[in-house]
Amino acid sequence: MIIPVRCFTCGALIGDKWLEYARRVKQGEDPKRVLDDLEVKRYCCRRMFLSHVELIDEILLYEEAEEE
């Protein structure tokens with residue numbers, strides 16, 4: 001869905017780093033290096049980035065179909 005604003009486990013702010021992370025990984029950079037550069041150090045926060053699946057665009061397609 002949408003990346004959470006804070007880590008579920010420790011409460012650290014992570015939502016502000018998502019766009020930069022997604023952009024750089026899409027360009028082909030190593031996710032480990034990107035997370036290190038963004039100073040995401042805790043493994044609980046790192047898993048929030050690594051396990052996130054962006055589904056919002058697919059869900060919006062169903063919303064548009066219901067409106068018609």
# chains A, B, ... in the order shown; residues from 1 in each chain; ligands from 1
>>> residues_around(residues="stretch 39-56 of chain A", least_positions_apart="5", cutoff="8 Å", atoms="only C-alpha atoms", output="PDB file with C-alpha atoms, in the first residue's frame")
ATOM      1  CA  MET A   1       0.000   0.000   0.000  1.00  0.00           C
ATOM      2  CA  ILE A   2       1.591   3.265   1.122  1.00  0.00           C
ATOM      3  CA  ILE A   3       4.841   3.271   3.097  1.00  0.00           C
ATOM      4  CA  CYS A   7       8.605   2.113  11.637  1.00  0.00           C
ATOM      5  CA  THR A   9       8.701  -1.587  15.714  1.00  0.00           C
ATOM      6  CA  CYS A  10      10.847   1.313  16.897  1.00  0.00           C
ATOM      7  CA  ALA A  12      11.634   5.955  13.796  1.00  0.00           C
ATOM      8  CA  ILE A  14      10.988   6.509   7.667  1.00  0.00           C
ATOM      9  CA  TRP A  18      10.807   6.391   0.708  1.00  0.00           C
ATOM     10  CA  PRO A  31      19.276  -1.379  -1.900  1.00  0.00           C
TER      11      PRO A  31
END
>>> residues_around(residues="A:Leu38", least_positions_apart="3", cutoff="9 Å", atoms="only C-alpha atoms", output="list of chain:residue names")
A:Lys17, A:Glu20, A:Tyr21, A:Arg33, A:Val34, A:Leu35, A:Lys41
>>> select_by_dssp(residues="chain A", states="helix (DSSP H, G or I)", output="number ranges by chain")
A: 15-26, 31-37, 43-50, 56-67
>>> write_last_selection(atoms="N, CA, C and O atoms", output="short mmCIF file (atom, residue, chain, number, x, y, z; two decimals), in the first residue's frame")
data_model
loop_
_atom_site.label_atom_id
_atom_site.label_comp_id
_atom_site.auth_asym_id
_atom_site.auth_seq_id
_atom_site.Cartn_x
_atom_site.Cartn_y
_atom_site.Cartn_z
N GLY A 15 9.07 7.53 6.56
CA GLY A 15 8.26 7.91 5.41
C GLY A 15 8.89 8.96 4.52
O GLY A 15 8.67 8.96 3.31
N ASP A 16 9.71 9.82 5.09
CA ASP A 16 10.34 10.88 4.30
C ASP A 16 11.48 10.37 3.42
O ASP A 16 11.93 11.07 2.53
N LYS A 17 11.93 9.16 3.64
CA LYS A 17 13.04 8.59 2.88
C LYS A 17 12.59 7.69 1.73
O LYS A 17 13.38 7.27 0.91
N TRP A 18 11.30 7.37 1.67
CA TRP A 18 10.81 6.39 0.71
C TRP A 18 11.00 6.82 -0.74
O TRP A 18 11.44 6.03 -1.58
N LEU A 19 10.66 8.04 -1.10
CA LEU A 19 10.76 8.48 -2.49
C LEU A 19 12.20 8.41 -3.00
O LEU A 19 12.44 7.95 -4.12
N GLU A 20 13.14 8.86 -2.19
CA GLU A 20 14.56 8.80 -2.57
C GLU A 20 15.00 7.35 -2.72
O GLU A 20 15.69 7.00 -3.68
N TYR A 21 14.61 6.51 -1.78
CA TYR A 21 14.97 5.09 -1.84
C TYR A 21 14.40 4.44 -3.11
O TYR A 21 15.13 3.79 -3.85
N ALA A 22 13.13 4.64 -3.38
CA ALA A 22 12.48 4.03 -4.54
C ALA A 22 13.10 4.52 -5.85
O ALA A 22 13.32 3.73 -6.77
N ARG A 23 13.40 5.81 -5.92
CA ARG A 23 14.00 6.37 -7.13
C ARG A 23 15.37 5.76 -7.41
O ARG A 23 15.66 5.33 -8.52
N ARG A 24 16.19 5.68 -6.37
CA ARG A 24 17.55 5.18 -6.56
C ARG A 24 17.59 3.69 -6.84
O ARG A 24 18.38 3.23 -7.66
N VAL A 25 16.72 2.91 -6.21
CA VAL A 25 16.68 1.47 -6.48
C VAL A 25 16.16 1.22 -7.88
O VAL A 25 16.65 0.33 -8.58
N LYS A 26 15.20 2.02 -8.32
CA LYS A 26 14.66 1.89 -9.68
C LYS A 26 15.74 2.18 -10.72
O LYS A 26 15.74 1.61 -11.81
N PRO A 31 20.10 -1.85 -3.03
CA PRO A 31 19.28 -1.38 -1.90
C PRO A 31 20.07 -1.21 -0.61
O PRO A 31 19.82 -0.29 0.16
N LYS A 32 21.03 -2.09 -0.36
CA LYS A 32 21.84 -1.98 0.86
C LYS A 32 22.60 -0.66 0.89
O LYS A 32 22.61 0.04 1.89
N ARG A 33 23.19 -0.32 -0.22
CA ARG A 33 23.95 0.93 -0.29
C ARG A 33 23.04 2.16 -0.14
O ARG A 33 23.40 3.13 0.53
N VAL A 34 21.87 2.10 -0.76
CA VAL A 34 20.93 3.22 -0.66
C VAL A 34 20.49 3.41 0.79
O VAL A 34 20.47 4.54 1.31
N LEU A 35 20.15 2.33 1.49
CA LEU A 35 19.74 2.43 2.88
C LEU A 35 20.87 2.95 3.76
O LEU A 35 20.65 3.72 4.69
N ASP A 36 22.10 2.53 3.46
CA ASP A 36 23.26 3.05 4.21
C ASP A 36 23.42 4.55 3.98
O ASP A 36 23.67 5.30 4.92
N ASP A 37 23.26 4.99 2.72
CA ASP A 37 23.39 6.42 2.41
C ASP A 37 22.29 7.25 3.08
O ASP A 37 22.51 8.39 3.47
N TYR A 43 17.67 -2.74 11.77
CA TYR A 43 17.15 -3.77 10.89
C TYR A 43 15.63 -3.74 10.81
O TYR A 43 15.05 -4.13 9.79
N CYS A 44 14.96 -3.27 11.85
CA CYS A 44 13.50 -3.19 11.79
C CYS A 44 13.07 -2.13 10.77
O CYS A 44 12.09 -2.34 10.03
N CYS A 45 13.80 -1.03 10.68
CA CYS A 45 13.48 0.01 9.71
C CYS A 45 13.84 -0.44 8.29
O CYS A 45 13.09 -0.18 7.34
N ARG A 46 14.95 -1.14 8.17
CA ARG A 46 15.39 -1.62 6.86
C ARG A 46 14.38 -2.60 6.27
O ARG A 46 14.11 -2.58 5.07
N ARG A 47 13.81 -3.44 7.12
CA ARG A 47 12.83 -4.41 6.60
C ARG A 47 11.57 -3.72 6.13
O ARG A 47 10.88 -4.22 5.25
N MET A 48 11.26 -2.54 6.68
CA MET A 48 10.10 -1.80 6.22
C MET A 48 10.28 -1.39 4.75
O MET A 48 9.34 -1.44 3.97
N PHE A 49 11.49 -1.02 4.39
CA PHE A 49 11.78 -0.64 3.01
C PHE A 49 11.87 -1.87 2.10
O PHE A 49 11.32 -1.89 1.01
N LEU A 50 12.59 -2.88 2.56
CA LEU A 50 12.85 -4.04 1.71
C LEU A 50 11.61 -4.89 1.47
O LEU A 50 11.48 -5.52 0.43
N ILE A 56 -0.74 0.78 -4.36
CA ILE A 56 -1.74 1.83 -4.43
C ILE A 56 -2.24 2.06 -5.86
O ILE A 56 -3.44 2.29 -6.08
N ASP A 57 -1.37 1.97 -6.85
CA ASP A 57 -1.78 2.19 -8.24
C ASP A 57 -2.76 1.11 -8.70
O ASP A 57 -3.71 1.39 -9.44
N GLU A 58 -2.54 -0.14 -8.28
CA GLU A 58 -3.45 -1.23 -8.64
C GLU A 58 -4.80 -1.08 -7.95
O GLU A 58 -5.84 -1.36 -8.54
N ILE A 59 -4.80 -0.64 -6.72
CA ILE A 59 -6.05 -0.46 -5.97
C ILE A 59 -6.88 0.67 -6.58
O ILE A 59 -8.11 0.58 -6.66
N LEU A 60 -6.22 1.71 -7.04
CA LEU A 60 -6.95 2.82 -7.65
C LEU A 60 -7.67 2.41 -8.92
O LEU A 60 -8.72 2.98 -9.26
N LEU A 61 -7.17 1.42 -9.64
CA LEU A 61 -7.86 0.94 -10.83
C LEU A 61 -9.23 0.37 -10.47
O LEU A 61 -10.20 0.55 -11.21
N TYR A 62 -9.32 -0.34 -9.35
CA TYR A 62 -10.60 -0.90 -8.92
C TYR A 62 -11.55 0.20 -8.46
O TYR A 62 -12.76 0.10 -8.67
N GLU A 63 -11.04 1.23 -7.86
CA GLU A 63 -11.88 2.35 -7.42
C GLU A 63 -12.48 3.05 -8.62
O GLU A 63 -13.67 3.40 -8.62
N GLU A 64 -11.71 3.24 -9.67
CA GLU A 64 -12.22 3.88 -10.88
C GLU A 64 -13.28 3.03 -11.54
O GLU A 64 -14.26 3.54 -12.08
N ALA A 65 -13.12 1.72 -11.52
CA ALA A 65 -14.09 0.82 -12.13
C ALA A 65 -15.43 0.87 -11.39
O ALA A 65 -16.49 0.78 -12.00
N GLU A 66 -15.41 1.02 -10.08
CA GLU A 66 -16.64 1.10 -9.29
C GLU A 66 -17.41 2.38 -9.58
O GLU A 66 -18.63 2.40 -9.54
N GLU A 67 -16.71 3.45 -9.86
CA GLU A 67 -17.36 4.73 -10.12
C GLU A 67 -18.12 4.73 -11.44
O GLU A 67 -19.07 5.47 -11.61
#
